[in-house]
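Undergrad: One file is attached below, target_32.pdb, containing PDB, C-alpha atoms.
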ATOM      1  CA  MET P   1     -11.643  40.878  14.294
ATOM      2  CA  ALA P   2     -12.306  37.200  13.600
ATOM      3  CA  TYR P   3      -9.589  34.613  13.947
ATOM      4  CA  PRO P   4      -9.610  31.190  12.269
ATOM      5  CA  GLY P   5     -11.514  28.797  14.465
ATOM      6  CA  TYR P   6     -13.233  31.639  16.339
ATOM      7  CA  GLY P   7     -16.155  32.539  14.158
ATOM      8  CA  ALA P   8     -14.317  33.266  10.936
ATOM      9  CA  PRO P   9     -15.763  31.420   7.967
ATOM     10  CA  GLN P  10     -13.601  28.548   6.798
ATOM     11  CA  VAL P  11     -12.757  28.924   3.146
ATOM     12  CA  HIS P  12     -11.443  25.998   1.122
ATOM     13  CA  ALA P  13      -9.329  27.853  -1.403
ATOM     14  CA  PRO P  14      -8.248  25.831  -4.414
ATOM     15  CA  PRO P  15      -4.576  24.924  -4.421
ATOM     16  CA  VAL P  16      -2.750  27.023  -6.955
ATOM     17  CA  ALA P  17      -2.667  25.296 -10.343
ATOM     18  CA  ASP P  18      -3.082  21.795  -8.920
ATOM     19  CA  PRO P  19      -4.631  19.628 -11.643
ATOM     20  CA  LEU P  20      -6.083  17.226  -9.059
ATOM     21  CA  TRP P  21      -8.160  19.946  -7.444
ATOM     22  CA  GLY P  22     -10.753  19.827 -10.226
ATOM     23  CA  TRP P  23     -11.289  16.076  -9.840
ATOM     24  CA  PHE P  24     -11.532  16.426  -6.065
ATOM     25  CA  GLN P  25     -13.779  19.482  -6.067
ATOM     26  CA  ALA P  26     -16.181  17.905  -8.568
ATOM     27  CA  VAL P  27     -17.262  15.335  -5.963
ATOM     28  CA  ALA P  28     -16.347  16.844  -2.575
ATOM     29  CA  GLY P  29     -19.162  17.895  -0.314
ATOM     30  CA  GLN P  30     -19.489  21.314   1.287
ATOM     31  CA  ASP P  31     -17.239  20.095   4.085
ATOM     32  CA  GLY P  32     -14.360  19.749   1.610
ATOM     33  CA  GLN P  33     -14.235  15.975   2.115
ATOM     34  CA  ILE P  34     -15.063  12.976  -0.036
ATOM     35  CA  GLU P  35     -16.742   9.754   1.021
ATOM     36  CA  PRO P  36     -16.246   6.290  -0.549
ATOM     37  CA  VAL P  37     -19.008   6.671  -3.171
ATOM     38  CA  GLU P  38     -17.620  10.066  -4.160
ATOM     39  CA  LEU P  39     -14.098   8.657  -4.335
ATOM     40  CA  GLN P  40     -15.344   5.887  -6.600
ATOM     41  CA  GLN P  41     -17.030   8.448  -8.875
ATOM     42  CA  CYS P  42     -13.922  10.624  -8.933
ATOM     43  CA  LEU P  43     -11.494   7.806  -9.697
ATOM     44  CA  THR P  44     -13.787   6.413 -12.378
ATOM     45  CA  ALA P  45     -14.254   9.810 -14.049
ATOM     46  CA  SER P  46     -10.522  10.550 -13.907
ATOM     47  CA  GLY P  47      -9.603   7.314 -15.643
ATOM     48  CA  ILE P  48      -6.786   6.610 -13.176
ATOM     49  CA  ALA P  49      -7.528   2.882 -13.360
ATOM     50  CA  GLY P  50      -6.759   3.010 -17.080
ATOM     51  CA  SER P  51      -8.221   0.085 -18.987
ATOM     52  CA  TYR P  52      -8.836  -1.817 -15.763
ATOM     53  CA  GLN P  53     -12.320  -2.079 -14.265
ATOM     54  CA  GLN P  54     -13.460   0.716 -11.961
ATOM     55  CA  PHE P  55     -12.602   0.504  -8.289
ATOM     56  CA  SER P  56     -15.227  -1.246  -6.191
ATOM     57  CA  LEU P  57     -16.929   0.602  -3.372
ATOM     58  CA  GLU P  58     -15.176  -1.705  -0.885
ATOM     59  CA  THR P  59     -11.748  -0.830  -2.292
ATOM     60  CA  CYS P  60     -12.646   2.866  -2.073
ATOM     61  CA  ARG P  61     -13.603   2.344   1.575
ATOM     62  CA  VAL P  62     -10.277   0.721   2.433
ATOM     63  CA  MET P  63      -8.336   3.378   0.516
ATOM     64  CA  ILE P  64     -10.019   6.080   2.593
ATOM     65  CA  ALA P  65      -9.491   4.086   5.792
ATOM     66  CA  MET P  66      -5.774   3.812   5.002
ATOM     67  CA  LEU P  67      -5.414   7.603   5.108
ATOM     68  CA  ASP P  68      -8.244   8.482   7.498
ATOM     69  CA  ARG P  69      -6.218   9.804  10.400
ATOM     70  CA  ASP P  70      -9.228  11.364  12.149
ATOM     71  CA  TYR P  71     -11.514   8.310  11.636
ATOM     72  CA  SER P  72     -14.162  10.430   9.918
ATOM     73  CA  GLY P  73     -14.699   7.973   7.075
ATOM     74  CA  LYS P  74     -13.864  10.761   4.638
ATOM     75  CA  MET P  75     -10.825  12.132   2.846
ATOM     76  CA  GLY P  76      -9.620  15.709   2.429
ATOM     77  CA  PHE P  77      -7.661  17.081  -0.500
ATOM     78  CA  THR P  78      -4.232  16.420   1.032
ATOM     79  CA  GLU P  79      -5.098  12.771   1.596
ATOM     80  CA  PHE P  80      -6.583  12.582  -1.891
ATOM     81  CA  LYS P  81      -3.310  13.789  -3.394
ATOM     82  CA  GLU P  82      -1.399  11.220  -1.348
ATOM     83  CA  LEU P  83      -3.771   8.500  -2.519
ATOM     84  CA  TRP P  84      -3.442   9.590  -6.146
ATOM     85  CA  THR P  85       0.337   9.246  -5.908
ATOM     86  CA  VAL P  86       0.241   5.755  -4.395
ATOM     87  CA  ILE P  87      -2.423   4.521  -6.828
ATOM     88  CA  ASN P  88      -0.144   5.524  -9.692
ATOM     89  CA  GLN P  89       2.784   3.713  -8.046
ATOM     90  CA  TRP P  90       0.644   0.606  -7.523
ATOM     91  CA  LYS P  91      -0.522   0.790 -11.128
ATOM     92  CA  GLN P  92       3.094   0.840 -12.336
ATOM     93  CA  THR P  93       3.944  -2.133 -10.126
ATOM     94  CA  PHE P  94       0.854  -4.052 -11.246
ATOM     95  CA  THR P  95       1.709  -3.414 -14.902
ATOM     96  CA  GLN P  96       5.314  -4.462 -14.298
ATOM     97  CA  PHE P  97       4.281  -7.832 -12.874
ATOM     98  CA  ASP P  98       1.433  -8.485 -15.322
ATOM     99  CA  ALA P  99       3.811 -10.496 -17.500
ATOM    100  CA  ASP P 100       1.256 -11.618 -20.079
ATOM    101  CA  ARG P 101      -0.412  -8.167 -20.265
ATOM    102  CA  SER P 102      -3.790  -9.730 -19.502
ATOM    103  CA  GLY P 103      -4.861  -6.953 -17.128
ATOM    104  CA  THR P 104      -4.670  -9.390 -14.227
ATOM    105  CA  ILE P 105      -1.880 -11.015 -12.281
ATOM    106  CA  GLN P 106      -1.518 -14.517 -10.933
ATOM    107  CA  GLY P 107      -0.510 -15.626  -7.453
ATOM    108  CA  HIS P 108       3.217 -15.847  -8.180
ATOM    109  CA  GLU P 109       3.096 -12.374  -9.749
ATOM    110  CA  LEU P 110       1.346 -11.057  -6.626
ATOM    111  CA  HIS P 111       4.154 -12.576  -4.572
ATOM    112  CA  ASN P 112       6.772 -10.788  -6.689
ATOM    113  CA  ALA P 113       4.871  -7.492  -6.547
ATOM    114  CA  ILE P 114       4.536  -7.661  -2.756
ATOM    115  CA  LYS P 115       8.210  -8.566  -2.481
ATOM    116  CA  SER P 116       9.084  -5.500  -4.584
ATOM    117  CA  PHE P 117       7.401  -3.358  -1.909
ATOM    118  CA  GLY P 118       9.831  -4.779   0.651
ATOM    119  CA  TYR P 119       7.530  -7.306   2.312
ATOM    120  CA  ASN P 120       8.965 -10.722   3.110
ATOM    121  CA  LEU P 121       5.883 -12.811   3.791
ATOM    122  CA  SER P 122       5.875 -16.465   4.748
ATOM    123  CA  PRO P 123       4.491 -18.922   2.187
ATOM    124  CA  GLN P 124       1.492 -19.472   4.485
ATOM    125  CA  CYS P 125       0.706 -15.760   4.713
ATOM    126  CA  LEU P 126       1.143 -15.333   0.980
ATOM    127  CA  GLY P 127      -1.190 -18.281   0.415
ATOM    128  CA  VAL P 128      -3.859 -16.599   2.531
ATOM    129  CA  LEU P 129      -3.573 -13.412   0.458
ATOM    130  CA  ILE P 130      -3.743 -15.299  -2.814
ATOM    131  CA  ARG P 131      -6.806 -17.289  -1.717
ATOM    132  CA  ARG P 132      -8.475 -14.072  -0.549
ATOM    133  CA  TYR P 133      -7.902 -12.013  -3.701
ATOM    134  CA  GLU P 134      -7.597 -14.535  -6.537
ATOM    135  CA  LYS P 135     -10.679 -15.307  -8.622
ATOM    136  CA  SER P 136     -10.453 -18.035 -11.250
ATOM    137  CA  GLY P 137      -6.665 -17.958 -11.047
ATOM    138  CA  HIS P 138      -6.394 -14.196 -11.574
ATOM    139  CA  ILE P 139      -6.139 -11.057  -9.438
ATOM    140  CA  THR P 140      -7.643  -7.850 -10.823
ATOM    141  CA  PHE P 141      -6.121  -4.412 -10.311
ATOM    142  CA  ASP P 142      -8.980  -3.528  -7.957
ATOM    143  CA  ASP P 143      -8.249  -6.592  -5.797
ATOM    144  CA  PHE P 144      -4.513  -5.911  -5.976
ATOM    145  CA  VAL P 145      -5.049  -2.391  -4.642
ATOM    146  CA  SER P 146      -7.349  -3.687  -1.920
ATOM    147  CA  CYS P 147      -4.729  -6.255  -0.893
ATOM    148  CA  VAL P 148      -1.886  -3.742  -0.859
ATOM    149  CA  VAL P 149      -3.920  -1.171   1.100
ATOM    150  CA  ARG P 150      -4.794  -3.712   3.766
ATOM    151  CA  LEU P 151      -1.236  -5.016   3.933
ATOM    152  CA  ARG P 152       0.118  -1.488   4.261
ATOM    153  CA  ALA P 153      -2.395  -0.519   6.956
ATOM    154  CA  LEU P 154      -1.911  -3.683   8.999
ATOM    155  CA  THR P 155       1.860  -3.323   8.757
ATOM    156  CA  ALA P 156       1.693   0.288   9.960
ATOM    157  CA  THR P 157      -0.509  -0.706  12.890
ATOM    158  CA  PHE P 158       1.793  -3.578  13.791
ATOM    159  CA  GLN P 159       4.924  -1.425  13.528
ATOM    160  CA  SER P 160       3.402   1.182  15.828
ATOM    161  CA  ARG P 161       3.057  -1.542  18.485
ATOM    162  CA  ASP P 162       6.401  -3.269  17.817
ATOM    163  CA  THR P 163       8.366  -0.743  19.848
ATOM    164  CA  GLN P 164      11.525  -2.860  20.039
ATOM    165  CA  ARG P 165      11.427  -3.686  16.307
ATOM    166  CA  ASN P 166      11.810  -7.395  16.986
ATOM    167  CA  GLY P 167       8.757  -8.679  15.134
ATOM    168  CA  TYR P 168       6.551  -8.922  18.218
ATOM    169  CA  ALA P 169       3.789  -6.601  19.328
ATOM    170  CA  ASN P 170       1.283  -6.448  22.153
ATOM    171  CA  PHE P 171      -2.300  -5.506  21.391
ATOM    172  CA  GLN P 172      -5.245  -5.047  23.620
ATOM    173  CA  TYR P 173      -8.354  -6.583  22.150
ATOM    174  CA  ASP P 174      -9.964  -3.167  21.518
ATOM    175  CA  ASP P 175      -6.840  -1.953  19.691
ATOM    176  CA  PHE P 176      -6.845  -5.056  17.533
ATOM    177  CA  ILE P 177     -10.531  -4.709  16.628
ATOM    178  CA  LYS P 178     -10.091  -1.021  15.840
ATOM    179  CA  SER P 179      -7.139  -1.659  13.522
ATOM    180  CA  VAL P 180      -8.848  -4.523  11.706
ATOM    181  CA  SER P 181     -12.259  -2.857  11.453
ATOM    182  CA  CYS P 182     -10.759   0.140   9.691
ATOM    183  CA  LEU P 183     -10.022  -2.166   6.824
TER     184      LEU P 183
END
Show me, as C-alpha coordinates, the structure contained in the file I just sent.

TA:
Amino acid sequence: MAYPGYGAPQVHAPPVADPLWGWFQAVAGQDGQIEPVELQQCLTASGIAGSYQQFSLETCRVMIAMLDRDYSGKMGFTEFKELWTVINQWKQTFTQFDADRSGTIQGHELHNAIKSFGYNLSPQCLGVLIRRYEKSGHITFDDFVSCVVRLRALTATFQSRDTQRNGYANFQYDDFIKSVSCL
(Lines of atoms letter the chains of each structure in order from A and count residues from 1; the text may use other names and numbers.)
(Lines give C-alpha, C1' and ligand atoms only; values in the text may rest on other atoms or scores of the structure.)
Protein backbone atom coordinates (compact mmCIF):
# COMPACT_ATOMS: atom_id res chain seq x y z
CA MET A 1 0.00 0.00 0.00
CA ALA A 2 1.35 3.43 -0.92
CA TYR A 3 1.11 6.34 1.46
CA PRO A 4 1.29 10.01 0.44
CA GLY A 5 4.91 11.04 0.30
CA TYR A 6 6.09 7.42 0.07
CA GLY A 7 5.80 6.59 -3.58
CA ALA A 8 2.15 7.40 -4.11
CA PRO A 9 1.57 9.70 -7.06
CA GLN A 10 0.66 13.23 -6.05
CA VAL A 11 -2.60 14.26 -7.63
CA HIS A 12 -3.62 17.91 -7.82
CA ALA A 13 -7.38 17.53 -7.71
CA PRO A 14 -9.35 20.62 -8.69
CA PRO A 15 -11.06 22.34 -5.79
CA VAL A 16 -14.76 21.67 -5.93
CA ALA A 17 -16.55 24.36 -7.93
CA ASP A 18 -13.89 27.01 -7.35
CA PRO A 19 -14.10 29.49 -10.23
CA LEU A 20 -10.45 30.51 -9.77
CA TRP A 21 -9.21 27.00 -10.44
CA GLY A 22 -9.70 27.38 -14.20
CA TRP A 23 -7.61 30.56 -14.35
CA PHE A 24 -4.90 28.96 -12.23
CA GLN A 25 -4.86 25.62 -14.03
CA ALA A 26 -4.67 27.29 -17.45
CA VAL A 27 -1.15 28.55 -16.68
CA ALA A 28 0.17 26.29 -13.89
CA GLY A 29 2.96 23.93 -14.73
CA GLN A 30 2.93 20.20 -14.03
CA ASP A 31 4.16 20.96 -10.53
CA GLY A 32 0.89 22.77 -9.77
CA GLN A 33 2.71 26.09 -9.33
CA ILE A 34 2.83 29.33 -11.29
CA GLU A 35 5.84 31.53 -11.94
CA PRO A 36 5.82 35.33 -12.48
CA VAL A 37 5.33 35.16 -16.28
CA GLU A 38 2.47 32.70 -15.81
CA LEU A 39 0.92 34.90 -13.13
CA GLN A 40 1.11 37.86 -15.48
CA GLN A 41 -0.61 35.84 -18.23
CA CYS A 42 -3.28 34.62 -15.83
CA LEU A 43 -4.07 38.03 -14.36
CA THR A 44 -4.14 39.62 -17.81
CA ALA A 45 -6.45 36.93 -19.23
CA SER A 46 -8.75 37.11 -16.20
CA GLY A 47 -9.22 40.85 -16.52
CA ILE A 48 -8.75 41.38 -12.77
CA ALA A 49 -6.97 44.68 -13.45
CA GLY A 50 -10.13 45.94 -15.12
CA SER A 51 -9.50 48.88 -17.43
CA TYR A 52 -6.07 49.44 -15.92
CA GLN A 53 -2.92 48.35 -17.74
CA GLN A 54 -1.74 44.78 -17.25
CA PHE A 55 0.51 44.00 -14.32
CA SER A 56 4.21 44.29 -15.09
CA LEU A 57 6.46 41.28 -14.71
CA GLU A 58 8.19 43.02 -11.78
CA THR A 59 4.89 43.50 -9.95
CA CYS A 60 4.06 39.82 -10.55
CA ARG A 61 7.44 38.90 -9.06
CA VAL A 62 6.84 40.91 -5.90
CA MET A 63 3.29 39.56 -5.56
CA ILE A 64 4.65 36.01 -5.64
CA ALA A 65 7.46 36.94 -3.24
CA MET A 66 4.90 38.34 -0.79
CA LEU A 67 3.25 34.92 -0.47
CA ASP A 68 6.22 32.67 -1.24
CA ARG A 69 6.63 31.01 2.13
CA ASP A 70 8.96 28.29 0.82
CA TYR A 71 11.11 30.70 -1.28
CA SER A 72 10.52 28.67 -4.44
CA GLY A 73 9.76 31.71 -6.59
CA LYS A 74 6.41 30.14 -7.45
CA MET A 75 2.85 30.20 -6.16
CA GLY A 76 0.43 27.35 -5.50
CA PHE A 77 -3.34 27.51 -5.76
CA THR A 78 -3.90 28.45 -2.11
CA GLU A 79 -1.54 31.40 -2.42
CA PHE A 80 -3.14 32.34 -5.73
CA LYS A 81 -6.55 32.50 -4.08
CA GLU A 82 -5.13 34.66 -1.29
CA LEU A 83 -3.54 36.95 -3.87
CA TRP A 84 -6.77 37.20 -5.84
CA THR A 85 -8.60 38.35 -2.71
CA VAL A 86 -6.05 41.04 -1.83
CA ILE A 87 -5.80 42.31 -5.42
CA ASN A 88 -9.56 42.86 -5.38
CA GLN A 89 -9.29 44.70 -2.05
CA TRP A 90 -6.46 46.86 -3.39
CA LYS A 91 -8.47 47.57 -6.53
CA GLN A 92 -11.41 48.78 -4.42
CA THR A 93 -9.10 51.00 -2.37
CA PHE A 94 -7.39 52.37 -5.48
CA THR A 95 -10.76 53.17 -7.05
CA GLN A 96 -11.94 54.80 -3.83
CA PHE A 97 -8.97 57.18 -3.74
CA ASP A 98 -8.87 57.88 -7.49
CA ALA A 99 -10.97 61.00 -6.94
CA ASP A 100 -10.94 62.24 -10.53
CA ARG A 101 -11.52 58.73 -11.98
CA SER A 102 -8.43 59.10 -14.17
CA GLY A 103 -7.23 55.54 -13.58
CA THR A 104 -4.27 56.88 -11.63
CA ILE A 105 -3.79 58.42 -8.22
CA GLN A 106 -1.61 61.28 -7.08
CA GLY A 107 0.77 61.42 -4.14
CA HIS A 108 -1.77 62.75 -1.64
CA GLU A 109 -4.23 60.05 -2.73
CA LEU A 110 -1.52 57.41 -2.20
CA HIS A 111 -1.01 58.82 1.29
CA ASN A 112 -4.74 58.50 2.04
CA ALA A 113 -4.89 54.98 0.60
CA ILE A 114 -1.90 53.83 2.67
CA LYS A 115 -3.41 55.46 5.74
CA SER A 116 -6.65 53.54 5.12
CA PHE A 117 -4.63 50.31 5.42
CA GLY A 118 -3.59 51.38 8.92
CA TYR A 119 -0.08 52.60 8.14
CA ASN A 120 1.06 55.82 9.79
CA LEU A 121 4.13 56.77 7.79
CA SER A 122 6.30 59.80 8.40
CA PRO A 123 6.22 62.54 5.76
CA GLN A 124 9.79 61.58 4.80
CA CYS A 125 8.91 57.92 4.30
CA LEU A 126 5.80 58.83 2.34
CA GLY A 127 7.89 61.15 0.18
CA VAL A 128 10.25 58.29 -0.64
CA LEU A 129 7.31 56.10 -1.71
CA ILE A 130 5.81 58.84 -3.84
CA ARG A 131 9.13 59.57 -5.57
CA ARG A 132 9.62 55.85 -6.19
CA TYR A 133 6.20 55.12 -7.69
CA GLU A 134 5.00 58.41 -9.18
CA LYS A 135 5.54 59.04 -12.88
CA SER A 136 4.62 62.44 -14.30
CA GLY A 137 2.60 63.22 -11.18
CA HIS A 138 0.55 60.01 -11.32
CA ILE A 139 0.68 56.51 -9.83
CA THR A 140 -0.76 53.66 -11.89
CA PHE A 141 -2.63 50.71 -10.41
CA ASP A 142 0.33 48.46 -11.22
CA ASP A 143 2.70 50.74 -9.30
CA PHE A 144 0.19 51.08 -6.46
CA VAL A 145 0.04 47.30 -6.09
CA SER A 146 3.82 47.05 -6.23
CA CYS A 147 4.11 49.71 -3.51
CA VAL A 148 1.52 48.08 -1.26
CA VAL A 149 3.05 44.61 -1.69
CA ARG A 150 6.48 45.86 -0.72
CA LEU A 151 5.12 47.86 2.20
CA ARG A 152 3.17 44.86 3.44
CA ALA A 153 6.14 42.49 3.11
CA LEU A 154 8.62 44.85 4.77
CA THR A 155 6.17 45.51 7.59
CA ALA A 156 5.67 41.78 8.17
CA THR A 157 9.43 41.21 8.24
CA PHE A 158 9.93 44.11 10.64
CA GLN A 159 7.11 42.98 12.93
CA SER A 160 8.58 39.48 13.12
CA ARG A 161 11.78 41.04 14.50
CA ASP A 162 10.11 43.64 16.74
CA THR A 163 9.45 41.15 19.52
CA GLN A 164 8.65 43.79 22.15
CA ARG A 165 6.35 45.72 19.78
CA ASN A 166 8.12 48.99 20.53
CA GLY A 167 9.02 50.03 16.99
CA TYR A 168 12.59 48.72 17.15
CA ALA A 169 14.01 45.57 15.63
CA ASN A 170 17.40 43.92 15.39
CA PHE A 171 18.50 42.44 12.09
CA GLN A 172 21.58 40.59 11.13
CA TYR A 173 22.90 41.72 7.78
CA ASP A 174 21.98 38.40 6.10
CA ASP A 175 18.41 38.64 7.43
CA PHE A 176 18.10 42.17 6.13
CA ILE A 177 19.39 41.25 2.66
CA LYS A 178 17.09 38.24 2.50
CA SER A 179 14.01 40.28 3.41
CA VAL A 180 14.82 43.07 0.96
CA SER A 181 15.89 40.80 -1.90
CA CYS A 182 12.57 38.99 -1.82
CA LEU A 183 11.02 42.20 -2.98

Undergrad: Please determine, counting only C-alpha atoms, which residue among P:Ala26, P:Ile34, P:Ala153, P:Ala45 has the shortest atom-to-atom distance to Glu79 (chain P).

TA: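 Of P:Ala26, P:Ile34, P:Ala153, P:Ala45, the one nearest Glu79 (chain P), counting only C-alpha atoms, is P:Ile34.
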
Undergrad: For each of P:Thr85, P:Arg61, P:Met75, P:Lys91, take the minimum atom-to-atom distance to Val27 (chain P), counting all atoms listed in the file, then give the residue where this is smallest.

TA: P:Met75

Undergrad: Expand the PyMOL selection byres ((chain P and resi 20) around 12) into the individual residues it matches in the shown file, reporting them as a short mmCIF file (atom, residue, chain, number, x, y, z; two decimals) with C-alpha atoms, keeping the file's coordinate frame.

TA:
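Output saved as result.cif:
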data_model
loop_
_atom_site.label_atom_id
_atom_site.label_comp_id
_atom_site.auth_asym_id
_atom_site.auth_seq_id
_atom_site.Cartn_x
_atom_site.Cartn_y
_atom_site.Cartn_z
CA PRO P 14 -8.25 25.83 -4.41
CA PRO P 15 -4.58 24.92 -4.42
CA VAL P 16 -2.75 27.02 -6.96
CA ALA P 17 -2.67 25.30 -10.34
CA ASP P 18 -3.08 21.80 -8.92
CA PRO P 19 -4.63 19.63 -11.64
CA TRP P 21 -8.16 19.95 -7.44
CA GLY P 22 -10.75 19.83 -10.23
CA TRP P 23 -11.29 16.08 -9.84
CA PHE P 24 -11.53 16.43 -6.06
CA GLN P 25 -13.78 19.48 -6.07
CA ALA P 26 -16.18 17.90 -8.57
CA VAL P 27 -17.26 15.34 -5.96
CA CYS P 42 -13.92 10.62 -8.93
CA LEU P 43 -11.49 7.81 -9.70
CA SER P 46 -10.52 10.55 -13.91
CA ILE P 48 -6.79 6.61 -13.18
CA PHE P 77 -7.66 17.08 -0.50
CA THR P 78 -4.23 16.42 1.03
CA GLU P 79 -5.10 12.77 1.60
CA PHE P 80 -6.58 12.58 -1.89
CA LYS P 81 -3.31 13.79 -3.39
CA GLU P 82 -1.40 11.22 -1.35
CA LEU P 83 -3.77 8.50 -2.52
CA TRP P 84 -3.44 9.59 -6.15
CA THR P 85 0.34 9.25 -5.91
#

Undergrad: Once the PyMOL selection byres ((chain P and resi 137-144) around 6) is applied to the coordinates I shared, what remains selected? I want it as a list in words.

TA: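 Taken over the shown coordinates, the PyMOL selection byres ((chain P and resi 137-144) around 6) returns Phe55, Thr104, Ile105, Gln106, Tyr133, Glu134, Lys135, Ser136, Val145, Ser146 and Cys147 of chain P.
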
Undergrad: To one decimal in Å, tell me the separation between CA of Gly76 (chain P) and CA of Gly32 (chain P).

TA: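 CA of Gly32 (chain P) lies 6.3 Å from CA of Gly76 (chain P).
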
Undergrad: Around all the atoms of region 71-90 of chain P listed in the file, draw an axis-aligned box and extend it by 5 Å on each of the six sides; I want its centre and edge lengths in Å to one decimal, as JSON.

TA:
{"center_x": -6.0, "center_y": 8.8, "center_z": 1.0, "size_x": 27.5, "size_y": 26.5, "size_z": 31.3}

Undergrad: Give the answer as one residue: which of P:Arg152, P:His108, P:Arg131, P:Lys115 has the shortest atom-to-atom distance to Leu67 (chain P), using all atoms listed in the file?

TA: P:Arg152

Undergrad: Measure the distance from CA of Leu154 (chain P) to CA of Gln33 (chain P) in Å and round it to one decimal.

TA: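 CA of Leu154 (chain P) sits 24.2 Å away from CA of Gln33 (chain P).
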
Undergrad: Which value, in Å to one decimal, gives the distance between CA of Val148 (chain P) and CA of Gly29 (chain P)?

TA: 27.7 Å

Undergrad: What are the nearest atom pairs, with distances in Å to one decimal, for all residues of region 12-116 of chain P that come at most 12 Å from region 169-179 of chain P, using only C-alpha atoms, set out by chain and rising residue number as JSON lines?

TA:
{"residue": "P:Val62", "atom": "CA", "partner": "P:Ser179", "partner_atom": "CA", "distance": 11.8}
{"residue": "P:Ala65", "atom": "CA", "partner": "P:Ser179", "partner_atom": "CA", "distance": 9.9}
{"residue": "P:Met66", "atom": "CA", "partner": "P:Ser179", "partner_atom": "CA", "distance": 10.2}
{"residue": "P:Asp68", "atom": "CA", "partner": "P:Ser179", "partner_atom": "CA", "distance": 11.8}
{"residue": "P:Arg69", "atom": "CA", "partner": "P:Ser179", "partner_atom": "CA", "distance": 11.9}
{"residue": "P:Tyr71", "atom": "CA", "partner": "P:Lys178", "partner_atom": "CA", "distance": 10.3}

Undergrad: Written as a PyMOL selection string, which residues does the PyMOL selection byres ((chain P and resi 57) around 9) give for the file shown?

TA: chain P and resi 36-37+39-40+55-56+58-62

Undergrad: Go through P:Glu109, P:Pro123, P:Gln41, P:Leu151 one by one, measure the shortest atom-to-atom distance of each to Gln54 (chain P) using only C-alpha atoms, and give the residue with the smallest value.

TA: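 Using only C-alpha atoms, Gln54 (chain P) sits closest to P:Gln41.
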